[in-house]
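**Q** Below is a structure I'd like to ask you about.
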Amino acid sequence: MRLLTGNIMATRYNAQEVEPKWQARWAESGVFKTKSPQEAGDAPKAYVLEMFPYPSGRLHMGHVRNYAMGDVVARYHKAKGYNVLHPMGWDAFGMPAENAAMERGEHPGRWTRENIESMRAQFEPLGLSLDWDRELATCEPDYYGLQQKIFLSMLRNGLVFRKKSKVNWDPVDHTVLANEQVIDGKGWRSGAVVEQRELEQWFFRITQFADELLEGLNTLDRWPDKVRIMQANWIGKSKGATFHWPFKSNAPSGFEKGIEVFTTRPDTLFGASFIALAPDHEITRELAKDNPAIADFIAEAARIGTSEEAIEKAPKLGVDLGLKVTHPFDPTWEIPVWAANFVLSTYGSGAVFGSPAGDQRDLDFARKYDLPVKPVVLPPGKNAEDHVITDEAYTGPGTIYNSGFLDGMSTTDAIDAAIARLVELNLGDASTTYRLRDWGVSRQRYWGCPIPVVRCDKCGVVPVPEDQLPVTLPDDPDFSKPGNPLDRHPTWKFTTCPTCGGDATRETDTLDTFVDSSWYFARFCNTQTNAPVDLNDARYWLPVDQYIGGVEHAVLHLLYSRFFTRAMQACGLIDLPSGEPFAGLFTQGMVTHETFKSESGAWLSPEDVEQRDGSWVEIATGKPVKVGAIEKMSKSKKNTVDPTQIIKDYGADVARWFMLSDSPPERDVEWTQSGAEGAWRFVQKLWSLADAAPDNDDGSPSEGDALELVRQIHKTVDGVTRGIDEFRFNTSVAQIHELSNALKKAEQSKAPGMMTARRFGIRTLAQLVAPFAPHVAEECWEATGGDGLVIEANWPVADPEMLVSDTITLPVQVNGKKRSDITVSADATKDDIEAIALADTDVQRFTSDKTVRKIIVVPGRIVNIVVG
RNA sequence: GCGGGCGUGGUGGAACCGGUAGACACAACAGACUUAAAAUCUGUCGGGCGAAUGCCCUUGCGGGUUCGAGUCCCGCCGCCCGCACCA
């Protein structure tokens with residue numbers, strides 16, 4: 001690695017000395033301490049929050065980018081006079097700690113707390129404007145104990161329930177596997193073929209809020225549209241009909257009315273050619289008991305795993321169950337019943353009817369098993385003879401045909417008519433179904449929040465009384481044997497029943513870590529109170545004004561948090577009538593880096609390779625190296641860059657500046673050494689501007705170059721401010737560059753008023769840079785006689801009069817091609833502009849031998865002359 | 001498979017509501033300074049044609065709407081994110 005710092009320090013800006021100095025000053029002055037609502041007085045509040053990190057042990061560049069962005073927003077609001085809350089905490093429960101315990105014999109708690117210590121130490125030199133007084137870690141009893149209170153309150157309010165659900169079971173490790181731990185149907189550690197097991201599990205009733213969560217999206221006008229769309233699709237509200245297909249004869253017990261299905265397309269009912277049940281539908285399972293073929297099919301389907309992705313990607317398979325139902329509209333029409341591996345038991349009633357001409361998946365299935373395909377929807381403009389379905393279904397609107405009483409209707413009318421007939425026949429009704437499922441929160445793991453209930457043979461499931469909370473984890477889990485350490489702990493789970501005092505056992509499931517992150521933002525409003533959330537402080541601070549994190553959380557974390565605020569509202573634990581925790585959301589892109597592979601295909605760290613004579617070689621061996629793709633930084637691909645090392649080499653300002661330059665915040669940014677060096681040069685340049693700043697003014701910059709410079713300063717203030725407001729930090733950076741270039745040039749100028757203009761420019765620049773690269777900004781501010789800390793100086797405001805000029809330059813097009821520029825006064829009329837444009841000699845070269853047909857003048861923008 | 005997004009010079013990107021495509025930066029090249037190098041400063045920098053004022057082409061690909069399309073519409077291609085037990 002090339003180091004640019006070193007022997008030439010004297011005249012240069014030395015980040016290694018300057019940055020700790022300002023960090024100490026900020027700490028002494030307490031500028032980052034949050035003010036209470038009383039202390040804040042009339043100042044408006046701004047709650048700025050970045051998604052809190054998992055304490056993996058090392059800060060990575062993705063963190064630096066995320067927190068640098070949040071810091072821009074926080075410092076900017078501080079400068080604008082807001083009372084800012086900008087806290088930090090740790091999403092500290094989760095599987096990596098247990099993996100460390102299993103692989104290295106470390107205690108998950110110790111491992112996690114050590115990681116927190118070392119990451120906090122890495123945070124410090126970044127110079128973020130965080131209020132560490134409000135730090136929290138979800139793995140500490142003072143946090144998860146309160147979470148247990150929330151759980152119990154939700155239980156009392158009917159928002160928690162138990163039901164059976166499927167899990168991926170590793171028969172060797174005796175453990176439940178996460179979907180990511182199931183690789184090709186096998187456990188990642190044991191390699192054993194994964195089984196499906198049904199366990200009685202705890203659920204949060206998120207579906208109770210399905211409509212509210214959907215409706216609420218309309219109020220989130222400071223969220224990216226893509227996230228709102230993804231959440232709406234995830235909730236997946238669909239209107240249609242739920243109805244029964246009566247059995248031809250001898251219905252299985254419990255299904256006397258027939259097989260219940262949900263469909264959004266009852267208009268295609270006359271195209272039905274089969275019924276398909278989920279592999280784990282009750283009827284399928286009943287039949288499997290004395291039919292080995294069906295049992296094999298179920299086992300085969302189970303091997304795919306529980307993830308919807310895997311199920312939908314798997315080849316479509318089915319088995320004929322040998323049952324027959326009759327068509328709701330024609331009792332003489334028999335339809336076969338199949339089981340199919342693509343039918344989800346968790347959606348609707350776990351059964352569908354196949355209408356192959358109008359649904360691609362049904363069509364593929366029908367072709368595979370040679371089931372009838374009858375088209376029933378005629379696309380607009382087609383007639384029955386030439387509308388043939390081969391291997392592509394028609395899913396669009398049209399006119400119904402081949403469909404008895406529905407013939408001739410539009411698809412929408414036919415939907416209503418079909419539902420009306422189903423009601424008449426007493427077989428079903430219109431209904432609404434959601435894709436959203438209730439949230440399963442049980443985890444059979446040690447390192448999570450214990451679910452605060454006990455089981456008593458006499459009293460059943462009994463909540464732990466609040467005065468006995470928190471239910472803490474035992475300190476001595478044993479990870480040497482397979483299975484859940486809580487379940488086989490020698491003493492922990494044995495307790496007495498709070499109700500009858502008899503022997504009882506504790507619940508050994510812990511909560512999904514998504515629960516921990518579903519309310520931490522509310523806890524930050526007051527981390528001292530005994531209630532989970534202080535009602536008054538939360539009323540003041542919530543909603544979070546700006547939340548920043550990765551898009552990968554677009555659905556789950558953000559939807560769960562929106563559910564939690566509603567659930568807590570229903571329990572009286574929070575006062576947030578809107579139910580919306582995050583008023584503004586920004587999703588930032590990843591940090592990527594080039595990758596390298598050796599001849600043998602092993603990943604190589606960028607530090608181990610170098611370019612010799614234009615080709616890449618391994619430094620140690622000199623062997624040639626394959627340059628791989630630019631990918632998200634990850635340990636496995638060895639393309640990470642350690643922020644701590646970058647800060648040592650170049651300083652925090654450089655790391656932050658680079659993360660905010662060039663790439664738009666929502667897009668991925670590629671870390672490059674040369675980019676970091678560019679940022680370093682810029683920091684040096686800023687300092688040299690301040691160092692060369694004149695000590696005194698030389699009169700008012702009211703004309704000539706000095707006035708032009710002042711105008712540019714105002715333009716820059718305007719542009720940088722807009723860039724921050726709109727989360728387009730890269731454009732702010734570009735404008736800061738332009739002003740710096742202008743100020744550098746101005747060092748050569750002797751124009752009257754220039755010294756005044758330069759002093760003004762450099763101090764303004766320091767203010768504009770402060771949210772991005774705060775240390776060098778403070779240094780420049782101090783060197784140019786700024787009052788106090790730049791972080792506390794009022795954000796500059798552009799003078800609107802300085803943003804407009806007297807004349808404007810307009811491009812002139814002829815037939816849409818630019819041919820000339822004209823300069824006109826800012827208040828020129830359309831007629832004036834037309835005349836000037838037509839008189840222009842460059843324009844006339846293209847118009848002289850033609851007829852002018854039309855002239856389009858867009859004020860302040862462009863002139864287009866249409867000739868022909 | 002389903003849902004969502006993205007695609008502009010050698011590179012990252014800019015272009016506000018459909019109005020000058022390539023701001024700003026990185027890299028590269030040339031020059032100044034220097035015994036030399038580094039640093040710094042200055043200049044060139046999408047492609048083609050031309051002696052030249054210039055002209056033509058160019059925003060992943062193919063169509064369309066418009067006086068005018070990177071931007072809007074339709075159809076493709078490629079990459080990325082999510083898919084409910086990773087966080």
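How things are named: the first chain in the structure tokens is A, the next is B, and so on; residues count from 1 in each chain; ligands count from 1 in the order shown.
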Check the DSSP output for the backbone and give back, as an NGL selection string, the residues of stretch 678-862 of chain A in alpha helix (DSSP H).
**A** :A and (678-691 or 704-725 or 729-746 or 754-769 or 774-783 or 800-803 or 830-839 or 841-847)
**Q** Now that the selection is made, can you save its residues with C-alpha atoms as a short mmCIF file (atom, residue, chain, number, x, y, z; two decimals), in the first residue's frame?
**A**
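That gives us part.cif:
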```
data_model
loop_
_atom_site.label_atom_id
_atom_site.label_comp_id
_atom_site.auth_asym_id
_atom_site.auth_seq_id
_atom_site.Cartn_x
_atom_site.Cartn_y
_atom_site.Cartn_z
CA GLY A 678 -8.16 11.76 -4.68
CA ALA A 679 -10.13 12.40 -1.50
CA TRP A 680 -6.86 12.85 0.37
CA ARG A 681 -5.70 15.44 -2.17
CA PHE A 682 -8.95 17.30 -1.79
CA VAL A 683 -8.61 17.49 1.99
CA GLN A 684 -5.09 18.85 1.48
CA LYS A 685 -6.39 21.38 -0.98
CA LEU A 686 -9.06 22.61 1.41
CA TRP A 687 -6.46 23.17 4.06
CA SER A 688 -4.15 24.97 1.64
CA LEU A 689 -7.03 27.30 0.74
CA ALA A 690 -7.58 28.13 4.39
CA ASP A 691 -3.85 28.41 5.00
CA GLY A 704 -16.13 42.39 -11.50
CA ASP A 705 -14.40 39.12 -10.60
CA ALA A 706 -15.01 39.57 -6.89
CA LEU A 707 -18.74 39.92 -7.45
CA GLU A 708 -18.69 36.88 -9.72
CA LEU A 709 -16.97 34.88 -6.99
CA VAL A 710 -19.54 35.99 -4.44
CA ARG A 711 -22.29 34.93 -6.83
CA GLN A 712 -20.68 31.53 -7.17
CA ILE A 713 -20.43 31.19 -3.41
CA HIS A 714 -24.16 31.80 -3.11
CA LYS A 715 -24.88 29.37 -5.95
CA THR A 716 -22.78 26.76 -4.20
CA VAL A 717 -24.59 27.27 -0.90
CA ASP A 718 -27.87 26.78 -2.72
CA GLY A 719 -26.69 23.72 -4.63
CA VAL A 720 -24.99 21.97 -1.72
CA THR A 721 -28.02 22.55 0.49
CA ARG A 722 -30.35 21.11 -2.12
CA GLY A 723 -28.04 18.15 -2.58
CA ILE A 724 -28.22 17.35 1.13
CA ASP A 725 -31.99 17.88 1.29
CA PHE A 729 -24.51 14.08 -1.67
CA ASN A 730 -22.42 13.38 -4.75
CA THR A 731 -23.77 16.51 -6.42
CA SER A 732 -23.04 18.52 -3.28
CA VAL A 733 -19.50 17.22 -3.42
CA ALA A 734 -19.15 18.20 -7.10
CA GLN A 735 -20.23 21.75 -6.34
CA ILE A 736 -17.87 21.99 -3.40
CA HIS A 737 -15.11 20.96 -5.83
CA GLU A 738 -16.12 23.70 -8.24
CA LEU A 739 -16.06 26.37 -5.56
CA SER A 740 -12.68 25.15 -4.32
CA ASN A 741 -11.31 25.40 -7.87
CA ALA A 742 -12.65 28.93 -8.15
CA LEU A 743 -11.14 29.93 -4.82
CA LYS A 744 -7.81 28.46 -5.84
CA LYS A 745 -7.86 30.49 -9.05
CA ALA A 746 -8.85 33.60 -7.12
CA MET A 754 -11.32 39.87 -3.84
CA MET A 755 -9.79 39.42 -0.40
CA THR A 756 -13.20 39.98 1.17
CA ALA A 757 -14.77 37.57 -1.29
CA ARG A 758 -12.13 34.91 -0.66
CA ARG A 759 -12.45 35.14 3.12
CA PHE A 760 -16.19 34.80 2.77
CA GLY A 761 -15.76 31.94 0.31
CA ILE A 762 -13.36 29.89 2.39
CA ARG A 763 -15.38 30.22 5.55
CA THR A 764 -18.55 29.32 3.72
CA LEU A 765 -16.75 26.39 2.18
CA ALA A 766 -15.71 25.20 5.64
CA GLN A 767 -19.35 25.27 6.69
CA LEU A 768 -20.51 23.43 3.60
CA VAL A 769 -17.83 20.78 4.00
CA PRO A 774 -15.97 17.64 9.85
CA HIS A 775 -12.39 17.66 11.14
CA VAL A 776 -10.74 19.55 8.32
CA ALA A 777 -13.75 21.84 8.27
CA GLU A 778 -13.20 22.78 11.93
CA GLU A 779 -9.51 23.33 11.24
CA CYS A 780 -10.25 25.62 8.28
CA TRP A 781 -12.96 27.45 10.23
CA GLU A 782 -10.61 28.09 13.11
CA ALA A 783 -7.76 29.18 10.83
CA PRO A 800 -31.85 34.67 -3.91
CA GLU A 801 -30.78 37.85 -5.67
CA MET A 802 -27.29 36.46 -6.06
CA LEU A 803 -28.63 33.39 -7.84
CA LYS A 830 -40.53 35.55 -26.53
CA ASP A 831 -40.72 37.85 -29.57
CA ASP A 832 -37.32 39.37 -28.73
CA ILE A 833 -35.80 35.93 -28.39
CA GLU A 834 -37.30 34.72 -31.67
CA ALA A 835 -35.93 37.74 -33.50
CA ILE A 836 -32.46 37.37 -32.02
CA ALA A 837 -32.39 33.65 -32.76
CA LEU A 838 -33.49 34.09 -36.38
CA ALA A 839 -30.91 36.82 -36.90
CA THR A 841 -25.63 33.88 -38.46
CA ASP A 842 -25.01 30.28 -37.39
CA VAL A 843 -28.74 29.73 -37.33
CA GLN A 844 -29.19 31.31 -40.71
CA ARG A 845 -26.84 28.83 -42.33
CA PHE A 846 -29.55 26.24 -41.68
CA THR A 847 -32.63 28.34 -42.22
#
```
**Q** Give me the residues near stretch 57-73 of chain B as a PyMOL selection string, where near means some atom within 10 Å (using only C-alpha atoms (C1' of nucleotides)) and where sequence neighbours in that chain fewer than 2 positions away do not count.
**A** (chain A and resi 813-817+853-856+864-867) or (chain B and resi 7-9+15+18-19+21-22+46-48+75-78)
**Q** Counting only C-alpha atoms (C1' of nucleotides), what is within 12 Å of B:C6, bar same-chain residues fewer than 4 positions away, as a PyMOL selection string?
**A** (chain A and resi 589+666-668) or (chain B and resi 60+78-81)
**Q** Could you tell me which residues of chain A sit within 7 Å of chain B when counting only C-alpha atoms (C1' of nucleotides), and give me the result as a PyMOL selection string?
**A** chain A and resi 54+177-180+226+230+233+308-309+312-313+551-552+662-663+674-675+734+737+811+815-816+818+861-862+864+866
**Q** Report the distance between atom CA of A:Asp170 and atom CA of A:Arg455 in Å, rounded to one decimal place.
**A** 25.7 Å
**Q** Under the rule that only C-alpha atoms are counted, which of A:Val182, A:Leu126, A:Ala74, A:Pro87 is the nearest residue to A:Thr644?
**A**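 For A:Thr644, the nearest of the given residues is A:Leu126.
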**Q** What gap, in Å, lies between atom CA of A:Gly358 and atom CA of A:Glu385?
**A**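 Distance between the two atoms: 17.1 Å.
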**Q** Quick one: distance from atom CA of A:Asp320 to atom CA of A:Ser307 in Å, one decimal?
**A**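 For atom CA of A:Asp320 relative to atom CA of A:Ser307, the distance reads 24.3 Å.
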**Q** Among stretch 427-510 of chain A, which residues carry a DSSP assignment of strand (DSSP E), reported as a PyMOL selection string?
**A** chain A and resi 428-433+439-440+442-443+449-450+453-456+460-463+494-496+503-506+510
**Q** Give me, as a PyMOL selection string, all polymer residues having an atom no more than 8 Å from A:Leu213, counting only C-alpha atoms (C1' of nucleotides) and skipping those fewer than 6 positions away in the same chain.
**A** chain A and resi 559+562-563
**Q** Need to verify the contact set: stretch 146-156 of chain A, 8 Å, only C-alpha atoms (C1' of nucleotides), exclusion of same-chain residues closer than 2 positions in sequence. Can you return it as an MDAnalysis selection string?
**A** chainID A and resid 142:144 158:161 449:452 463 466 469:471 516 530:532 567:568 571 573
**Q** Write the selection just made, keeping N, CA, C and O atoms, as a JSON list (two decimals), in the first residue's frame?
**A**
```
[["chain", "number", "residue", "atom", "x", "y", "z"],
["A", 142, "ASP", "N", -31.30, -5.53, 30.47],
["A", 142, "ASP", "CA", -32.08, -4.30, 30.65],
["A", 142, "ASP", "C", -32.80, -3.92, 29.36],
["A", 142, "ASP", "O", -33.74, -3.13, 29.38],
["A", 143, "TYR", "N", -32.39, -4.48, 28.24],
["A", 143, "TYR", "CA", -33.14, -4.26, 26.99],
["A", 143, "TYR", "C", -34.12, -5.42, 26.77],
["A", 143, "TYR", "O", -35.32, -5.20, 26.61],
["A", 144, "TYR", "N", -33.62, -6.64, 26.81],
["A", 144, "TYR", "CA", -34.54, -7.73, 26.43],
["A", 144, "TYR", "C", -35.58, -8.01, 27.50],
["A", 144, "TYR", "O", -36.62, -8.57, 27.20],
["A", 158, "GLY", "N", -54.04, -10.26, 22.84],
["A", 158, "GLY", "CA", -54.44, -11.15, 21.75],
["A", 158, "GLY", "C", -53.60, -11.03, 20.49],
["A", 158, "GLY", "O", -54.02, -11.44, 19.41],
["A", 159, "LEU", "N", -52.40, -10.45, 20.62],
["A", 159, "LEU", "CA", -51.56, -10.27, 19.43],
["A", 159, "LEU", "C", -50.50, -11.37, 19.31],
["A", 159, "LEU", "O", -49.70, -11.37, 18.39],
["A", 160, "VAL", "N", -50.50, -12.28, 20.29],
["A", 160, "VAL", "CA", -49.55, -13.39, 20.26],
["A", 160, "VAL", "C", -50.34, -14.68, 20.36],
["A", 160, "VAL", "O", -51.31, -14.75, 21.12],
["A", 161, "PHE", "N", -49.98, -15.67, 19.59],
["A", 161, "PHE", "CA", -50.67, -16.95, 19.70],
["A", 161, "PHE", "C", -49.71, -18.07, 19.32],
["A", 161, "PHE", "O", -48.58, -17.80, 18.89],
["A", 449, "CYS", "N", -33.65, -13.50, 22.92],
["A", 449, "CYS", "CA", -34.46, -13.08, 24.07],
["A", 449, "CYS", "C", -35.39, -14.21, 24.51],
["A", 449, "CYS", "O", -36.23, -14.65, 23.73],
["A", 450, "PRO", "N", -35.26, -14.69, 25.75],
["A", 450, "PRO", "CA", -36.13, -15.78, 26.20],
["A", 450, "PRO", "C", -37.60, -15.36, 26.17],
["A", 450, "PRO", "O", -37.93, -14.23, 26.52],
["A", 451, "ILE", "N", -38.44, -16.27, 25.74],
["A", 451, "ILE", "CA", -39.87, -16.00, 25.73],
["A", 451, "ILE", "C", -40.39, -16.23, 27.15],
["A", 451, "ILE", "O", -40.24, -17.33, 27.69],
["A", 452, "PRO", "N", -40.96, -15.19, 27.77],
["A", 452, "PRO", "CA", -41.22, -15.22, 29.21],
["A", 452, "PRO", "C", -42.51, -15.95, 29.59],
["A", 452, "PRO", "O", -43.43, -15.33, 30.12],
["A", 463, "PRO", "N", -47.95, -16.94, 31.66],
["A", 463, "PRO", "CA", -46.98, -15.85, 31.51],
["A", 463, "PRO", "C", -46.19, -15.66, 32.80],
["A", 463, "PRO", "O", -46.75, -15.80, 33.88],
["A", 466, "GLU", "N", -44.79, -9.89, 35.68],
["A", 466, "GLU", "CA", -43.85, -8.81, 35.31],
["A", 466, "GLU", "C", -42.80, -8.56, 36.38],
["A", 466, "GLU", "O", -41.68, -8.18, 36.06],
["A", 469, "LEU", "N", -39.59, -10.43, 35.89],
["A", 469, "LEU", "CA", -38.78, -10.17, 34.68],
["A", 469, "LEU", "C", -37.51, -9.43, 35.08],
["A", 469, "LEU", "O", -37.51, -8.75, 36.10],
["A", 470, "PRO", "N", -36.46, -9.48, 34.34],
["A", 470, "PRO", "CA", -36.34, -10.28, 33.12],
["A", 470, "PRO", "C", -36.09, -11.75, 33.38],
["A", 470, "PRO", "O", -35.47, -12.09, 34.38],
["A", 471, "VAL", "N", -36.57, -12.57, 32.49],
["A", 471, "VAL", "CA", -36.13, -13.97, 32.45],
["A", 471, "VAL", "C", -34.79, -13.94, 31.72],
["A", 471, "VAL", "O", -34.74, -13.64, 30.53],
["A", 516, "ASP", "N", -36.00, -7.84, 18.22],
["A", 516, "ASP", "CA", -35.11, -6.89, 18.90],
["A", 516, "ASP", "C", -35.02, -5.57, 18.14],
["A", 516, "ASP", "O", -34.97, -4.49, 18.74],
["A", 530, "ASN", "N", -38.18, 2.63, 33.11],
["A", 530, "ASN", "CA", -38.48, 1.22, 33.35],
["A", 530, "ASN", "C", -39.48, 0.67, 32.37],
["A", 530, "ASN", "O", -39.56, -0.54, 32.18],
["A", 531, "ALA", "N", -40.30, 1.55, 31.81],
["A", 531, "ALA", "CA", -41.20, 1.09, 30.75],
["A", 531, "ALA", "C", -40.36, 0.87, 29.50],
["A", 531, "ALA", "O", -39.30, 1.46, 29.36],
["A", 532, "PRO", "N", -40.80, 0.00, 28.59],
["A", 532, "PRO", "CA", -40.04, -0.17, 27.36],
["A", 532, "PRO", "C", -39.80, 1.17, 26.66],
["A", 532, "PRO", "O", -38.69, 1.45, 26.21],
["A", 567, "ALA", "N", -48.78, -2.47, 17.15],
["A", 567, "ALA", "CA", -49.09, -3.40, 18.24],
["A", 567, "ALA", "C", -48.87, -2.71, 19.59],
["A", 567, "ALA", "O", -49.68, -2.84, 20.51],
["A", 568, "MET", "N", -47.78, -1.95, 19.71],
["A", 568, "MET", "CA", -47.51, -1.27, 20.98],
["A", 568, "MET", "C", -48.55, -0.19, 21.25],
["A", 568, "MET", "O", -48.92, 0.05, 22.40],
["A", 571, "CYS", "N", -51.45, -1.80, 22.68],
["A", 571, "CYS", "CA", -51.20, -2.22, 24.06],
["A", 571, "CYS", "C", -51.00, -1.03, 24.99],
["A", 571, "CYS", "O", -50.73, -1.21, 26.18],
["A", 573, "LEU", "N", -48.48, 0.99, 24.94],
["A", 573, "LEU", "CA", -47.07, 1.11, 25.29],
["A", 573, "LEU", "C", -46.38, 2.26, 24.58],
["A", 573, "LEU", "O", -45.20, 2.53, 24.79]]
```
**Q** Write out as a ChimeraX atom specification each polymer residue whose atoms come within 12 Å of A:Gly501, counting only C-alpha atoms (C1' of nucleotides); drop sequence neighbours fewer than 3 positions from it.
**A** /A:454-459,462,495-498,504-505
